[in-house]
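Structure file work_19.txt; described as compact mmCIF, C-alpha atoms and all ligand atoms.
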```
# COMPACT_ATOMS: atom_id res chain seq x y z
CA VAL T 12 -19.63 -4.57 52.91
CA ILE T 13 -17.45 -7.59 53.66
CA ILE T 14 -18.22 -11.19 52.68
CA THR T 15 -15.98 -13.87 54.19
CA ILE T 16 -15.26 -17.33 52.82
CA ASP T 17 -13.47 -19.85 55.02
CA GLY T 18 -12.90 -23.58 54.88
CA PRO T 19 -10.29 -26.32 54.68
CA ILE T 20 -7.97 -27.02 51.73
CA ALA T 21 -9.34 -27.77 48.25
CA THR T 22 -12.97 -26.96 48.89
CA GLY T 23 -12.81 -24.53 45.95
CA LYS T 24 -12.49 -21.46 48.20
CA THR T 25 -10.21 -19.42 45.96
CA THR T 26 -12.03 -19.99 42.67
CA ILE T 27 -15.41 -19.51 44.31
CA ALA T 28 -14.33 -16.29 46.06
CA LYS T 29 -12.83 -14.93 42.82
CA ASN T 30 -15.90 -15.75 40.70
CA LEU T 31 -18.32 -14.49 43.33
CA ALA T 32 -16.43 -11.19 43.65
CA GLY T 33 -16.39 -10.79 39.85
CA LYS T 34 -20.14 -11.37 39.57
CA ILE T 35 -21.19 -8.94 42.29
CA GLY T 36 -18.54 -6.31 41.56
CA PHE T 37 -16.59 -6.75 44.81
CA ILE T 38 -12.81 -6.74 45.25
CA TYR T 39 -11.36 -10.11 46.09
CA PHE T 40 -8.58 -10.97 48.58
CA GLU T 41 -7.01 -14.39 48.98
CA THR T 42 -5.38 -14.24 52.39
CA GLY T 43 -3.67 -17.65 52.04
CA ALA T 44 -1.40 -15.94 49.49
CA MET T 45 -0.39 -13.43 52.18
CA TYR T 46 0.69 -16.24 54.51
CA ARG T 47 2.52 -17.84 51.58
CA CYS T 48 4.35 -14.58 50.72
CA ALA T 49 5.39 -14.06 54.34
CA THR T 50 6.60 -17.67 54.47
CA LEU T 51 8.73 -17.21 51.35
CA ALA T 52 10.12 -13.95 52.75
CA LEU T 53 11.12 -15.69 56.01
CA ILE T 54 12.67 -18.63 54.12
CA ARG T 55 14.68 -16.29 51.87
CA ALA T 56 15.87 -14.26 54.84
CA GLY T 57 17.11 -17.50 56.42
CA ILE T 58 15.13 -16.91 59.62
CA ASP T 59 14.80 -19.76 62.08
CA PHE T 60 11.02 -20.14 62.50
CA ARG T 61 11.50 -21.35 66.08
CA ASP T 62 13.13 -18.07 67.10
CA GLU T 63 10.06 -16.03 67.90
CA GLN T 64 11.98 -12.81 68.52
CA MET T 65 13.69 -12.98 65.13
CA VAL T 66 10.40 -13.72 63.40
CA ALA T 67 8.78 -10.79 65.28
CA ASP T 68 11.58 -8.39 64.27
CA PHE T 69 11.31 -9.49 60.67
CA MET T 70 7.52 -9.24 60.58
CA SER T 71 7.53 -5.71 62.03
CA HIS T 72 9.23 -4.56 58.80
CA TYR T 73 7.39 -6.91 56.47
CA ASP T 74 5.06 -5.36 53.93
CA PHE T 75 2.74 -7.32 51.71
CA ASP T 76 3.05 -6.43 48.01
CA MET T 77 0.18 -7.30 45.70
CA ARG T 78 -0.39 -5.80 42.25
CA ILE T 79 -3.14 -6.18 39.70
CA HIS T 80 -1.90 -7.15 36.26
CA ARG T 81 -4.40 -7.76 33.45
CA ARG T 82 -7.17 -8.18 36.03
CA GLU T 83 -5.17 -10.87 37.88
CA CYS T 84 -3.55 -10.52 41.33
CA ARG T 85 0.23 -10.91 41.21
CA TYR T 86 2.29 -11.23 44.39
CA TYR T 87 5.70 -9.61 44.80
CA LEU T 88 8.66 -9.93 47.10
CA GLU T 89 11.45 -7.36 46.81
CA ASN T 90 10.04 -6.31 43.43
CA GLN T 91 10.17 -9.84 42.06
CA ASP T 92 6.99 -11.61 40.93
CA VAL T 93 6.65 -14.68 43.19
CA THR T 94 3.07 -15.62 42.24
CA GLU T 95 4.11 -19.08 41.02
CA GLU T 96 6.85 -19.69 43.57
CA ILE T 97 4.53 -19.28 46.58
CA ARG T 98 2.49 -22.30 45.33
CA GLY T 99 5.53 -24.61 45.14
CA HIS T 100 6.41 -27.37 47.57
CA PRO T 101 8.99 -25.57 49.79
CA VAL T 102 6.49 -22.82 50.70
CA THR T 103 3.51 -25.20 50.91
CA ASN T 104 5.44 -27.42 53.33
CA ALA T 105 6.35 -24.56 55.65
CA VAL T 106 3.29 -22.29 55.49
CA SER T 107 1.05 -24.00 58.07
CA ALA T 108 3.77 -23.77 60.72
CA ILE T 109 4.39 -20.09 59.91
CA ALA T 110 0.66 -19.32 59.88
CA ALA T 111 0.40 -20.74 63.40
CA LEU T 112 2.79 -18.10 64.81
CA PRO T 113 0.93 -15.29 66.65
CA VAL T 114 3.48 -12.63 65.59
CA VAL T 115 2.92 -13.49 61.94
CA ARG T 116 -0.88 -13.48 62.28
CA GLN T 117 -0.94 -10.14 64.15
CA ARG T 118 0.94 -8.40 61.36
CA LEU T 119 -1.07 -9.93 58.51
CA VAL T 120 -4.45 -9.42 60.22
CA ALA T 121 -3.59 -5.73 60.69
CA ILE T 122 -2.83 -5.46 56.96
CA GLN T 123 -6.09 -7.29 56.10
CA ARG T 124 -8.21 -4.96 58.21
CA THR T 125 -6.55 -1.91 56.66
CA MET T 126 -7.21 -3.24 53.16
CA ALA T 127 -10.89 -3.77 54.03
CA GLU T 128 -11.55 -0.19 55.06
CA GLY T 129 -14.33 1.46 53.07
CA ILE T 130 -14.64 -1.11 50.29
CA ASN T 131 -16.90 -3.95 49.15
CA ALA T 132 -14.79 -7.10 49.27
CA VAL T 133 -14.76 -10.87 49.48
CA PHE T 134 -12.06 -12.07 51.90
CA GLU T 135 -11.11 -15.72 51.64
CA GLY T 136 -9.03 -17.69 54.15
CA ARG T 137 -9.30 -19.71 57.36
CA ASP T 138 -10.23 -17.19 60.06
CA MET T 139 -11.95 -14.43 58.10
CA GLY T 140 -15.43 -14.91 59.61
CA THR T 141 -14.25 -15.89 63.08
CA ALA T 142 -11.28 -13.67 63.98
CA VAL T 143 -10.61 -11.01 61.36
CA PHE T 144 -14.12 -9.84 60.39
CA PRO T 145 -16.50 -11.12 63.10
CA ASN T 146 -19.09 -8.54 61.98
CA ALA T 147 -18.97 -9.43 58.28
CA TYR T 148 -22.20 -8.96 56.33
CA LEU T 149 -22.23 -12.55 55.10
CA LYS T 150 -20.05 -15.48 56.19
CA VAL T 151 -19.64 -18.57 54.05
CA PHE T 152 -18.01 -21.79 55.23
CA LEU T 153 -17.11 -24.38 52.59
CA THR T 154 -16.63 -28.06 53.36
CA GLY T 155 -16.08 -31.18 51.24
CA LYS T 156 -15.43 -34.89 51.41
CA GLU T 157 -11.76 -35.71 52.00
CA GLU T 158 -11.51 -37.98 48.95
CA VAL T 159 -12.94 -35.35 46.63
CA ARG T 160 -10.70 -32.61 48.01
CA ALA T 161 -7.58 -34.79 47.70
CA ARG T 162 -8.47 -35.68 44.11
CA ARG T 163 -8.98 -31.98 43.26
CA ARG T 164 -5.67 -30.95 44.81
CA TYR T 165 -3.79 -33.83 43.12
CA GLU T 166 -5.20 -32.82 39.73
CA GLU T 167 -4.24 -29.21 40.41
CA VAL T 168 -0.64 -30.19 41.21
CA CYS T 169 -0.48 -32.29 37.99
CA ARG T 170 -1.77 -29.35 35.98
CA ARG T 171 0.29 -26.57 37.53
CA PHE T 172 3.46 -28.37 38.54
CA PRO T 173 3.96 -31.34 36.17
CA LEU T 174 7.56 -31.84 37.38
CA GLU T 175 6.56 -31.95 41.05
CA ALA T 176 3.65 -34.25 40.15
CA GLU T 177 6.09 -36.87 38.86
CA GLN T 178 7.52 -37.18 42.37
CA ILE T 179 4.21 -37.34 44.18
CA THR T 180 1.27 -39.76 44.42
CA TYR T 181 -2.42 -39.20 45.10
CA GLU T 182 -2.02 -40.97 48.46
CA GLN T 183 0.77 -38.56 49.42
CA VAL T 184 -1.33 -35.52 48.49
CA LYS T 185 -4.20 -36.91 50.56
CA ARG T 186 -1.90 -37.38 53.56
CA GLU T 187 -0.43 -33.88 53.22
CA ILE T 188 -3.89 -32.30 53.01
CA ALA T 189 -4.96 -34.12 56.18
CA GLU T 190 -1.77 -32.98 57.94
CA ARG T 191 -2.18 -29.33 56.91
CA ASP T 192 -5.89 -29.32 57.83
CA ALA T 193 -5.01 -30.77 61.25
CA TYR T 194 -2.38 -28.06 61.71
CA ASP T 195 -4.75 -25.24 60.70
CA THR T 196 -7.54 -26.61 62.93
CA GLY T 197 -5.35 -27.47 65.90
CA ARG T 198 -3.31 -24.30 66.27
CA LEU T 199 -3.95 -22.07 69.27
CA THR T 200 -4.19 -18.70 67.50
CA SER T 201 -7.28 -18.27 65.30
CA PRO T 202 -7.72 -21.92 64.33
CA LEU T 203 -9.85 -22.92 61.36
CA ARG T 204 -13.42 -23.01 62.73
CA GLN T 205 -16.86 -22.81 61.24
CA PRO T 206 -18.39 -19.45 62.29
CA GLU T 207 -21.65 -20.02 64.16
CA ASP T 208 -23.59 -17.72 61.85
CA ALA T 209 -22.13 -19.02 58.57
CA LEU T 210 -23.85 -20.30 55.46
CA VAL T 211 -22.30 -23.80 55.26
CA ILE T 212 -21.93 -25.41 51.83
CA ASP T 213 -20.62 -28.91 51.09
CA THR T 214 -18.97 -28.43 47.69
CA SER T 215 -18.20 -32.15 47.03
CA ASP T 216 -20.91 -32.67 44.44
CA MET T 217 -21.35 -29.11 43.22
CA THR T 218 -19.79 -27.12 40.39
CA ILE T 219 -18.12 -23.78 41.07
CA ASP T 220 -20.98 -21.96 39.31
CA GLU T 221 -23.58 -23.72 41.45
CA VAL T 222 -21.84 -22.69 44.66
CA VAL T 223 -21.42 -19.10 43.49
CA GLN T 224 -25.11 -18.91 42.50
CA LEU T 225 -26.16 -20.35 45.86
CA VAL T 226 -24.22 -17.62 47.70
CA ILE T 227 -25.65 -14.88 45.45
CA ASP T 228 -29.21 -16.17 46.01
CA TYR T 229 -28.61 -16.29 49.76
CA LYS T 230 -27.25 -12.72 49.72
CA ASP T 231 -30.27 -11.51 47.73
CA ASP T 232 -32.63 -13.23 50.18
CA MET T 233 -30.84 -11.52 53.07
CA LYS T 234 -31.31 -8.16 51.39
CA VAL T 235 -35.03 -8.77 50.80
CA ALA T 236 -35.47 -9.90 54.41
CA GLN T 237 -33.68 -6.78 55.64
CA GLU T 238 -35.70 -4.44 53.44
CA SER T 239 -38.99 -5.94 54.57
CA LYS T 240 -37.93 -5.42 58.20
CA GLU T 241 -37.23 -1.72 57.59
O1 LIG U 301 -5.36 -21.31 51.34
P1 LIG U 301 -3.88 -21.69 51.29
O2 LIG U 301 -3.61 -23.17 51.22
O3 LIG U 301 -3.12 -20.94 50.24
O4 LIG U 301 -3.31 -21.20 52.70
C1 LIG U 301 -1.96 -21.36 53.04
C2 LIG U 301 -1.79 -21.53 54.54
O5 LIG U 301 -2.08 -20.32 55.21
C3 LIG U 301 -2.65 -22.63 55.18
O6 LIG U 301 -1.81 -23.49 55.92
C4 LIG U 301 -3.56 -21.90 56.12
C5 LIG U 301 -2.95 -20.56 56.30
N1 LIG U 301 -3.95 -19.50 56.34
C6 LIG U 301 -4.32 -19.04 57.58
O7 LIG U 301 -3.84 -19.54 58.59
N2 LIG U 301 -5.20 -18.03 57.68
C7 LIG U 301 -5.74 -17.47 56.60
N3 LIG U 301 -6.59 -16.47 56.72
C8 LIG U 301 -5.38 -17.95 55.31
C9 LIG U 301 -4.48 -18.98 55.23
```
How does the structure come out when it is put into structure tokens?
Ligand code: DC
Amino acid sequence: VIITIDGPIATGKTTIAKNLAGKIGFIYFETGAMYRCATLALIRAGIDFRDEQMVADFMSHYDFDMRIHRRECRYYLENQDVTEEIRGHPVTNAVSAIAALPVVRQRLVAIQRTMAEGINAVFEGRDMGTAVFPNAYLKVFLTGKEEVRARRRYEEVCRRFPLEAEQITYEQVKREIAERDAYDTGRLTSPLRQPEDALVIDTSDMTIDEVVQLVIDYKDDMKVAQESKE
């Protein structure tokens, strides 16, 4: 069984997906981290993102490396833990452009589908319900007011990267979020779109627990409806 969670930046996707998976005993995959790892790998290899052939050659050998440590996902590149580094500004600035490249998406989507085989999982990203798992059991699409999302992301940067936060203002974060959302929505390959059959939740005025409970209730109702049909 696959549950997908998609939506723009700072709608609470990652935390909601993680908590939901924990509560229902599913495995959880954050596919944004895969795009971030691939971006860091390309940056480190000094590959010119505009050279599609070079990117394609690199991606054909690229393997995603995720390990569970004390119940937390850690991300690795060449045996080095890059879990923190992939959240920093250099990767964040480049990732939307990398994620728009078809050769990058093809490789990562293939890895995602392989990981999903035969398991119960929550997959979180931008195109999970539309392109990667169009037949998912349950699709969730999270939205939120721009102001609220920008405030959340700014507070997250202050908390996680205090040094970076000194160089950045709330207004700047808000602008960058709008730019990245526009990039993710406007790209040609698998743009961010609300799946037609998704449960849509505006998370602006809700707590994480409320959203998670709403999804669980919806899933239970689906099950009851299905059982009564049988
Ligand atoms: O969720 P995030 O901010 O960590 O995602 C990083 C980037 O990767 C973002 O620009 C969108 C892109 N992404 C994507 O194109 N498809 C996915 N399934 C997940 C993320």
message: as a ChimeraX atom specification, please: the residues near stretch 175-192 of chain T (cut-off 7 Å, only C-alpha atoms, same-chain neighbours under 6 positions excluded).
response: /T:19-20,107,161,165,168-169
For the residues selected in the previous step, produce a file with C-alpha atoms as a PDB file, in the frame of the given file.
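Result file result-v7.pdb:
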```pdb
ATOM      1  CA  PRO T  19     -10.290 -26.320  54.680  1.00  0.00           C
ATOM      2  CA  ILE T  20      -7.970 -27.020  51.730  1.00  0.00           C
ATOM      3  CA  SER T 107       1.050 -24.000  58.070  1.00  0.00           C
ATOM      4  CA  ALA T 161      -7.580 -34.790  47.700  1.00  0.00           C
ATOM      5  CA  TYR T 165      -3.790 -33.830  43.120  1.00  0.00           C
ATOM      6  CA  VAL T 168      -0.640 -30.190  41.210  1.00  0.00           C
ATOM      7  CA  CYS T 169      -0.480 -32.290  37.990  1.00  0.00           C
TER       8      CYS T 169
END
```
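Coordinates place atom C3 of ligand LIG 301 (chain U) at a distance of 17.1 Å from atom CA of T:Val93.
Taking all atoms listed in the file into account, ligand LIG 301 (chain U) lies nearest to T:Asp138 out of the set T:Glu238, T:Glu221, T:Asp138, T:Glu166.
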task: Select, from T:Ala67, T:Met139, T:Met77, T:Ile16, the residue with the minimum atom-to-atom distance to T:Arg118, counting all atoms listed in the file.
output: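 Using all atoms listed in the file, T:Arg118 sits closest to T:Ala67.
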task: Record the distance separating atom CA of T:Glu241 and atom CA of T:Ile227, expressed in Å with one decimal.
output: 21.3 Å
field: Two-atom distance - atom CA of T:Ala110, atom CA of T:Val222 (Å)
entry: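 Result for atom CA of T:Ala110 versus atom CA of T:Val222: 27.4 Å, one decimal.
Of the residues listed (T:Met126, T:Ala32, T:Val235, T:Leu153), T:Leu153 shows the shortest atom-to-atom separation from T:Ile212; distances use all atoms listed in the file.
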- prompt: Of the candidates T:Asp220, T:Arg171, T:Phe75, T:Val66, which shows the shortest atom-to-atom distance to T:Thr125, using only C-alpha atoms?
  reply: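 The answer is T:Phe75, which sits nearest to T:Thr125.
For the choices T:Met65, T:Met233, T:Ala49, T:Ala147, the atom-to-atom distance to ligand LIG 301 (chain U) is smallest for T:Ala49 when using all atoms listed in the file.
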message: Show me which residues line ligand LIG 301 (chain U), defined as having an atom within 9 Å of a ligand atom where all atoms listed in the file count, and present them as a VMD selection string.
response: chain T and resid 17 to 21 24 to 25 41 to 47 97 to 98 102 to 111 116 119 to 120 134 to 139 143 191 to 192 194 to 195 200 to 203
Nearest to T:Phe37, chosen from T:Leu149, T:Met217, T:Ala193, T:Val12, with only C-alpha atoms counted in the distances: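 Looking at the shortest contact to T:Phe37, the residue is T:Val12.
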Write out as a short mmCIF file (atom, residue, chain, number, x, y, z; two decimals) with C-alpha atoms, in the frame of the given file which residues come within 12 Å of T:Ile35 when counting only C-alpha atoms, dropping same-chain ones fewer than 2 positions away.
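New file selection.cif:
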```
data_model
loop_
_atom_site.label_atom_id
_atom_site.label_comp_id
_atom_site.auth_asym_id
_atom_site.auth_seq_id
_atom_site.Cartn_x
_atom_site.Cartn_y
_atom_site.Cartn_z
CA VAL T 12 -19.63 -4.57 52.91
CA ILE T 14 -18.22 -11.19 52.68
CA ALA T 28 -14.33 -16.29 46.06
CA LYS T 29 -12.83 -14.93 42.82
CA ASN T 30 -15.90 -15.75 40.70
CA LEU T 31 -18.32 -14.49 43.33
CA ALA T 32 -16.43 -11.19 43.65
CA GLY T 33 -16.39 -10.79 39.85
CA PHE T 37 -16.59 -6.75 44.81
CA ILE T 38 -12.81 -6.74 45.25
CA TYR T 39 -11.36 -10.11 46.09
CA ASN T 131 -16.90 -3.95 49.15
CA ALA T 132 -14.79 -7.10 49.27
CA VAL T 133 -14.76 -10.87 49.48
CA VAL T 223 -21.42 -19.10 43.49
CA GLN T 224 -25.11 -18.91 42.50
CA VAL T 226 -24.22 -17.62 47.70
CA ILE T 227 -25.65 -14.88 45.45
CA ASP T 228 -29.21 -16.17 46.01
CA LYS T 230 -27.25 -12.72 49.72
CA ASP T 231 -30.27 -11.51 47.73
#
```
